[in-house]
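**Q** Dropping in entry-v6.txt, which is compact mmCIF, N, CA and C atoms:
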```txt
# COMPACT_ATOMS: atom_id res chain seq x y z
N MET A 15 -25.59 -35.13 20.05
CA MET A 15 -26.47 -35.27 21.20
C MET A 15 -27.60 -34.25 21.06
N ILE A 16 -28.79 -34.67 21.37
CA ILE A 16 -29.96 -33.77 21.33
C ILE A 16 -30.28 -33.33 22.76
N VAL A 17 -30.36 -32.02 22.93
CA VAL A 17 -30.63 -31.43 24.24
C VAL A 17 -31.88 -30.58 24.14
N ARG A 18 -32.78 -30.77 25.08
CA ARG A 18 -34.01 -29.96 25.14
C ARG A 18 -33.84 -28.85 26.17
N ILE A 19 -34.12 -27.64 25.73
CA ILE A 19 -34.24 -26.53 26.67
C ILE A 19 -35.73 -26.43 26.96
N MET A 20 -36.10 -26.69 28.20
CA MET A 20 -37.52 -26.71 28.55
C MET A 20 -38.18 -25.39 28.19
N GLY A 21 -39.29 -25.48 27.47
CA GLY A 21 -40.04 -24.31 27.08
C GLY A 21 -39.56 -23.66 25.79
N GLU A 22 -38.46 -24.16 25.21
CA GLU A 22 -37.91 -23.57 23.99
C GLU A 22 -37.83 -24.54 22.83
N GLY A 23 -37.44 -25.77 23.07
CA GLY A 23 -37.30 -26.73 21.99
C GLY A 23 -36.02 -27.53 22.11
N GLN A 24 -35.73 -28.26 21.04
CA GLN A 24 -34.59 -29.16 21.03
C GLN A 24 -33.48 -28.62 20.13
N PHE A 25 -32.25 -28.92 20.52
CA PHE A 25 -31.07 -28.50 19.79
C PHE A 25 -30.13 -29.68 19.68
N GLU A 26 -29.43 -29.76 18.56
CA GLU A 26 -28.40 -30.78 18.41
C GLU A 26 -27.06 -30.11 18.69
N VAL A 27 -26.29 -30.71 19.59
CA VAL A 27 -24.98 -30.18 19.94
C VAL A 27 -23.91 -31.24 19.67
N ASP A 28 -22.69 -30.77 19.39
CA ASP A 28 -21.61 -31.72 19.13
C ASP A 28 -20.99 -32.19 20.45
N GLU A 29 -20.04 -33.08 20.32
CA GLU A 29 -19.44 -33.72 21.50
C GLU A 29 -18.72 -32.71 22.41
N GLU A 30 -18.05 -31.72 21.82
CA GLU A 30 -17.34 -30.73 22.63
C GLU A 30 -18.31 -29.91 23.48
N VAL A 31 -19.42 -29.51 22.88
CA VAL A 31 -20.44 -28.76 23.62
C VAL A 31 -21.02 -29.65 24.71
N ALA A 32 -21.28 -30.91 24.38
CA ALA A 32 -21.82 -31.86 25.35
C ALA A 32 -20.88 -32.01 26.54
N LYS A 33 -19.57 -32.03 26.29
CA LYS A 33 -18.59 -32.14 27.39
C LYS A 33 -18.70 -30.92 28.31
N GLY A 34 -18.80 -29.73 27.72
CA GLY A 34 -18.94 -28.52 28.52
C GLY A 34 -20.23 -28.53 29.32
N LEU A 35 -21.30 -29.01 28.69
CA LEU A 35 -22.59 -29.10 29.39
C LEU A 35 -22.49 -30.06 30.55
N ASN A 36 -21.76 -31.15 30.36
CA ASN A 36 -21.61 -32.13 31.42
C ASN A 36 -20.89 -31.51 32.62
N GLN A 37 -19.87 -30.69 32.36
CA GLN A 37 -19.16 -30.02 33.45
C GLN A 37 -20.09 -29.06 34.19
N LEU A 38 -20.89 -28.30 33.43
CA LEU A 38 -21.85 -27.39 34.07
C LEU A 38 -22.90 -28.17 34.85
N ASP A 39 -23.28 -29.33 34.33
CA ASP A 39 -24.24 -30.20 35.01
C ASP A 39 -23.68 -30.65 36.36
N GLU A 40 -22.41 -31.02 36.39
CA GLU A 40 -21.78 -31.44 37.65
C GLU A 40 -21.74 -30.29 38.65
N GLN A 41 -21.42 -29.09 38.16
CA GLN A 41 -21.40 -27.92 39.04
C GLN A 41 -22.81 -27.61 39.55
N SER A 42 -23.80 -27.82 38.69
CA SER A 42 -25.20 -27.59 39.08
C SER A 42 -25.61 -28.55 40.18
N ALA A 43 -25.19 -29.81 40.05
CA ALA A 43 -25.51 -30.80 41.08
C ALA A 43 -24.87 -30.40 42.42
N GLN A 44 -23.66 -29.86 42.37
CA GLN A 44 -22.99 -29.41 43.60
C GLN A 44 -23.75 -28.23 44.22
N ALA A 45 -24.19 -27.29 43.37
CA ALA A 45 -24.96 -26.15 43.88
C ALA A 45 -26.26 -26.63 44.51
N LEU A 46 -26.89 -27.62 43.89
CA LEU A 46 -28.13 -28.18 44.43
C LEU A 46 -27.87 -28.82 45.79
N GLU A 47 -26.80 -29.60 45.88
CA GLU A 47 -26.45 -30.24 47.16
C GLU A 47 -26.23 -29.21 48.25
N ALA A 48 -25.62 -28.08 47.88
CA ALA A 48 -25.33 -27.02 48.84
C ALA A 48 -26.55 -26.15 49.13
N GLY A 49 -27.64 -26.38 48.38
CA GLY A 49 -28.84 -25.57 48.57
C GLY A 49 -28.67 -24.15 48.06
N ASP A 50 -27.74 -23.96 47.12
CA ASP A 50 -27.43 -22.63 46.58
C ASP A 50 -28.29 -22.35 45.35
N ARG A 51 -29.47 -21.85 45.60
CA ARG A 51 -30.45 -21.60 44.54
C ARG A 51 -29.94 -20.60 43.50
N GLU A 52 -29.25 -19.55 43.97
CA GLU A 52 -28.74 -18.51 43.07
C GLU A 52 -27.68 -19.07 42.12
N ARG A 53 -26.76 -19.85 42.65
CA ARG A 53 -25.70 -20.46 41.82
C ARG A 53 -26.32 -21.45 40.84
N LEU A 54 -27.29 -22.23 41.28
CA LEU A 54 -27.96 -23.18 40.41
C LEU A 54 -28.60 -22.45 39.23
N ALA A 55 -29.31 -21.36 39.51
CA ALA A 55 -29.96 -20.59 38.44
C ALA A 55 -28.93 -20.06 37.44
N GLU A 56 -27.81 -19.57 37.95
CA GLU A 56 -26.74 -19.05 37.08
C GLU A 56 -26.21 -20.15 36.16
N LEU A 57 -25.98 -21.33 36.72
CA LEU A 57 -25.44 -22.43 35.94
C LEU A 57 -26.44 -22.94 34.90
N LEU A 58 -27.72 -22.99 35.26
CA LEU A 58 -28.74 -23.42 34.30
C LEU A 58 -28.83 -22.43 33.15
N GLU A 59 -28.70 -21.14 33.44
CA GLU A 59 -28.73 -20.14 32.37
C GLU A 59 -27.51 -20.29 31.48
N ARG A 60 -26.35 -20.58 32.06
CA ARG A 60 -25.13 -20.79 31.26
C ARG A 60 -25.28 -22.01 30.37
N MET A 61 -25.92 -23.06 30.88
CA MET A 61 -26.14 -24.26 30.08
C MET A 61 -27.06 -23.94 28.90
N ALA A 62 -28.14 -23.25 29.16
CA ALA A 62 -29.09 -22.92 28.10
C ALA A 62 -28.42 -22.04 27.05
N GLU A 63 -27.63 -21.07 27.48
CA GLU A 63 -26.96 -20.17 26.55
C GLU A 63 -25.94 -20.93 25.70
N ALA A 64 -25.24 -21.88 26.29
CA ALA A 64 -24.28 -22.69 25.53
C ALA A 64 -25.00 -23.50 24.46
N VAL A 65 -26.16 -24.03 24.78
CA VAL A 65 -26.92 -24.81 23.81
C VAL A 65 -27.45 -23.90 22.70
N ARG A 66 -28.02 -22.77 23.07
CA ARG A 66 -28.54 -21.83 22.08
C ARG A 66 -27.44 -21.34 21.13
N THR A 67 -26.30 -21.01 21.69
CA THR A 67 -25.20 -20.43 20.92
C THR A 67 -24.49 -21.45 20.04
N ASN A 68 -24.30 -22.66 20.55
CA ASN A 68 -23.48 -23.66 19.87
C ASN A 68 -24.25 -24.81 19.26
N GLY A 69 -25.56 -24.84 19.45
CA GLY A 69 -26.36 -25.95 18.94
C GLY A 69 -27.17 -25.54 17.72
N ALA A 70 -27.64 -26.54 17.01
CA ALA A 70 -28.51 -26.32 15.87
C ALA A 70 -29.94 -26.65 16.30
N ARG A 71 -30.81 -25.66 16.23
CA ARG A 71 -32.21 -25.86 16.65
C ARG A 71 -32.89 -26.84 15.71
N LEU A 72 -33.56 -27.81 16.28
CA LEU A 72 -34.31 -28.78 15.49
C LEU A 72 -35.72 -28.25 15.26
N PRO A 73 -36.34 -28.60 14.13
CA PRO A 73 -37.71 -28.16 13.89
C PRO A 73 -38.65 -28.68 14.98
N ASP A 74 -39.69 -27.93 15.28
CA ASP A 74 -40.65 -28.34 16.31
C ASP A 74 -41.30 -29.68 15.98
N GLU A 75 -41.38 -30.01 14.70
CA GLU A 75 -42.00 -31.28 14.28
C GLU A 75 -41.10 -32.48 14.56
N ASP A 76 -39.83 -32.24 14.78
CA ASP A 76 -38.87 -33.32 15.04
C ASP A 76 -39.16 -33.91 16.41
N LEU A 77 -39.48 -35.19 16.43
CA LEU A 77 -39.84 -35.86 17.68
C LEU A 77 -38.73 -36.76 18.21
N SER A 78 -37.48 -36.48 17.79
CA SER A 78 -36.34 -37.25 18.29
C SER A 78 -36.27 -37.13 19.81
N PRO A 79 -35.92 -38.23 20.48
CA PRO A 79 -35.82 -38.15 21.94
C PRO A 79 -34.62 -37.29 22.36
N SER A 80 -34.80 -36.54 23.41
CA SER A 80 -33.72 -35.73 23.97
C SER A 80 -32.84 -36.60 24.85
N GLU A 81 -31.53 -36.41 24.73
CA GLU A 81 -30.59 -37.15 25.57
C GLU A 81 -30.22 -36.34 26.81
N GLY A 82 -30.47 -35.05 26.78
CA GLY A 82 -30.20 -34.17 27.90
C GLY A 82 -31.29 -33.13 27.98
N ILE A 83 -31.41 -32.50 29.13
CA ILE A 83 -32.45 -31.50 29.34
C ILE A 83 -31.87 -30.34 30.14
N VAL A 84 -32.27 -29.14 29.75
CA VAL A 84 -31.87 -27.94 30.50
C VAL A 84 -33.15 -27.28 30.99
N PRO A 85 -33.40 -27.31 32.28
CA PRO A 85 -34.60 -26.68 32.83
C PRO A 85 -34.46 -25.16 32.90
N PRO A 86 -35.55 -24.47 33.11
CA PRO A 86 -35.47 -23.01 33.23
C PRO A 86 -34.73 -22.61 34.50
N PRO A 87 -34.08 -21.44 34.48
CA PRO A 87 -33.30 -21.03 35.65
C PRO A 87 -34.14 -20.71 36.89
N ASP A 88 -35.45 -20.53 36.73
CA ASP A 88 -36.30 -20.24 37.88
C ASP A 88 -36.82 -21.50 38.56
N LEU A 89 -36.20 -22.63 38.27
CA LEU A 89 -36.55 -23.91 38.85
C LEU A 89 -36.36 -23.87 40.37
N SER A 90 -37.30 -24.42 41.11
CA SER A 90 -37.13 -24.47 42.57
C SER A 90 -36.13 -25.58 42.92
N LEU A 91 -35.59 -25.52 44.12
CA LEU A 91 -34.65 -26.57 44.54
C LEU A 91 -35.32 -27.93 44.56
N GLU A 92 -36.59 -27.98 44.98
CA GLU A 92 -37.31 -29.26 45.02
C GLU A 92 -37.50 -29.82 43.61
N GLU A 93 -37.89 -28.97 42.67
CA GLU A 93 -38.04 -29.41 41.27
C GLU A 93 -36.70 -29.88 40.72
N ALA A 94 -35.63 -29.17 41.05
CA ALA A 94 -34.30 -29.54 40.59
C ALA A 94 -33.90 -30.90 41.13
N ARG A 95 -34.20 -31.17 42.39
CA ARG A 95 -33.85 -32.48 42.98
C ARG A 95 -34.50 -33.60 42.20
N GLU A 96 -35.73 -33.41 41.78
CA GLU A 96 -36.43 -34.44 41.00
C GLU A 96 -35.76 -34.65 39.64
N LEU A 97 -35.36 -33.57 38.99
CA LEU A 97 -34.74 -33.68 37.67
C LEU A 97 -33.32 -34.25 37.72
N PHE A 98 -32.61 -34.00 38.81
CA PHE A 98 -31.22 -34.43 38.91
C PHE A 98 -31.07 -35.88 39.33
N GLU A 99 -32.15 -36.57 39.64
CA GLU A 99 -32.05 -37.97 40.03
C GLU A 99 -31.45 -38.78 38.90
N GLY A 100 -30.69 -39.78 39.22
CA GLY A 100 -30.07 -40.62 38.20
C GLY A 100 -28.80 -40.00 37.66
N GLU A 101 -28.73 -39.84 36.33
CA GLU A 101 -27.52 -39.35 35.68
C GLU A 101 -27.40 -37.85 35.66
N GLY A 102 -28.37 -37.14 36.18
CA GLY A 102 -28.33 -35.68 36.11
C GLY A 102 -29.05 -35.19 34.87
N LEU A 103 -28.80 -33.96 34.51
CA LEU A 103 -29.47 -33.36 33.36
C LEU A 103 -28.84 -33.79 32.04
N ILE A 104 -27.53 -33.89 32.05
CA ILE A 104 -26.77 -34.27 30.85
C ILE A 104 -26.02 -35.56 31.17
N PRO A 105 -26.36 -36.67 30.51
CA PRO A 105 -25.68 -37.94 30.82
C PRO A 105 -24.21 -37.88 30.42
N ASP A 106 -23.39 -38.65 31.14
CA ASP A 106 -21.97 -38.72 30.81
C ASP A 106 -21.80 -39.31 29.41
N LEU A 107 -20.81 -38.81 28.69
CA LEU A 107 -20.51 -39.34 27.37
C LEU A 107 -19.78 -40.66 27.53
N PRO A 108 -20.02 -41.60 26.60
CA PRO A 108 -19.27 -42.87 26.69
C PRO A 108 -17.79 -42.62 26.47
N SER A 109 -16.96 -43.38 27.14
CA SER A 109 -15.51 -43.27 26.97
C SER A 109 -15.13 -43.86 25.63
N ALA A 110 -14.16 -43.23 24.99
CA ALA A 110 -13.71 -43.72 23.66
C ALA A 110 -12.79 -44.88 23.79
```
Let me see whether you can do it: turn the structure in this file into structure tokens.
**A**
Amino acid sequence: MIVRIMGEGQFEVDEEVAKGLNQLDEQSAQALEAGDRERLAELLERMAEAVRTNGARLPDEDLSPSEGIVPPPDLSLEEARELFEGEGLIPDLPSA
């Protein structure tokens, strides 16, 4: 799965990392629903760190589409609501 960290670039992550990101994405959606800006920022930073630590950075020239996105932790609640529409930041993995 290719994940874009906004403002940094794209990373390729394996299925296990993607599962963890999906769990953090669900927690982020809950924080957004609760209007908990501080918790949302913490979770977005954890997502970005997981991608940086466990993913392989793709070259800037690589124009592969991103399947997931991690916004910056200073995202406003209104901006987050726009990004979380639909499947959220990290789409659910298909069932095997």
**Q** Suppose you want the space between atom CA of Phe98 of chain A and atom CA of Val27 of chain A; what is it in Å?
**A**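 About the pair atom CA of Phe98 of chain A and atom CA of Val27 of chain A: they are 20.4 Å apart.
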**Q** Compare A:Gly21, A:Met61, A:Ser80, A:Glu52 by their minimum atom-to-atom distance to Leu38 of chain A, counting all atoms listed in the file, and give me the closest one.
**A**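 Using all atoms listed in the file, the shortest distance to Leu38 of chain A belongs to A:Met61.
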**Q** Given only C-alpha atoms as the basis, pick out the residue of A:Glu40, A:Glu96, A:Glu56, A:Glu29 nearest to Met15 of chain A.
**A**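 Closest to Met15 of chain A, using only C-alpha atoms: A:Glu29.
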**Q** Just give me the gap between atom N of Ala64 of chain A and atom C of Glu81 of chain A in Å, one decimal is fine.
**A**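 Between atom N of Ala64 of chain A and atom C of Glu81 of chain A the gap works out to 15.3 Å.
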**Q** Pick out each residue of chain A that DSSP on the backbone tags as strand (DSSP E or B); I need them as an MDAnalysis selection string.
**A** chainID A and resid 16:19 23:26 70:71 82:84
**Q** Those same residues - N, CA and C atoms - I'd like them written as a CSV table (one decimal), keeping the file's coordinate frame.
**A**
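Result file follows (result.csv):
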```
chain,number,residue,atom,x,y,z
A,16,ILE,N,-28.8,-34.7,21.4
A,16,ILE,CA,-30.0,-33.8,21.3
A,16,ILE,C,-30.3,-33.3,22.8
A,17,VAL,N,-30.4,-32.0,22.9
A,17,VAL,CA,-30.6,-31.4,24.2
A,17,VAL,C,-31.9,-30.6,24.1
A,18,ARG,N,-32.8,-30.8,25.1
A,18,ARG,CA,-34.0,-30.0,25.1
A,18,ARG,C,-33.8,-28.8,26.2
A,19,ILE,N,-34.1,-27.6,25.7
A,19,ILE,CA,-34.2,-26.5,26.7
A,19,ILE,C,-35.7,-26.4,27.0
A,23,GLY,N,-37.4,-25.8,23.1
A,23,GLY,CA,-37.3,-26.7,22.0
A,23,GLY,C,-36.0,-27.5,22.1
A,24,GLN,N,-35.7,-28.3,21.0
A,24,GLN,CA,-34.6,-29.2,21.0
A,24,GLN,C,-33.5,-28.6,20.1
A,25,PHE,N,-32.2,-28.9,20.5
A,25,PHE,CA,-31.1,-28.5,19.8
A,25,PHE,C,-30.1,-29.7,19.7
A,26,GLU,N,-29.4,-29.8,18.6
A,26,GLU,CA,-28.4,-30.8,18.4
A,26,GLU,C,-27.1,-30.1,18.7
A,70,ALA,N,-27.6,-26.5,17.0
A,70,ALA,CA,-28.5,-26.3,15.9
A,70,ALA,C,-29.9,-26.6,16.3
A,71,ARG,N,-30.8,-25.7,16.2
A,71,ARG,CA,-32.2,-25.9,16.6
A,71,ARG,C,-32.9,-26.8,15.7
A,82,GLY,N,-30.5,-35.0,26.8
A,82,GLY,CA,-30.2,-34.2,27.9
A,82,GLY,C,-31.3,-33.1,28.0
A,83,ILE,N,-31.4,-32.5,29.1
A,83,ILE,CA,-32.4,-31.5,29.3
A,83,ILE,C,-31.9,-30.3,30.1
A,84,VAL,N,-32.3,-29.1,29.8
A,84,VAL,CA,-31.9,-27.9,30.5
A,84,VAL,C,-33.2,-27.3,31.0
```
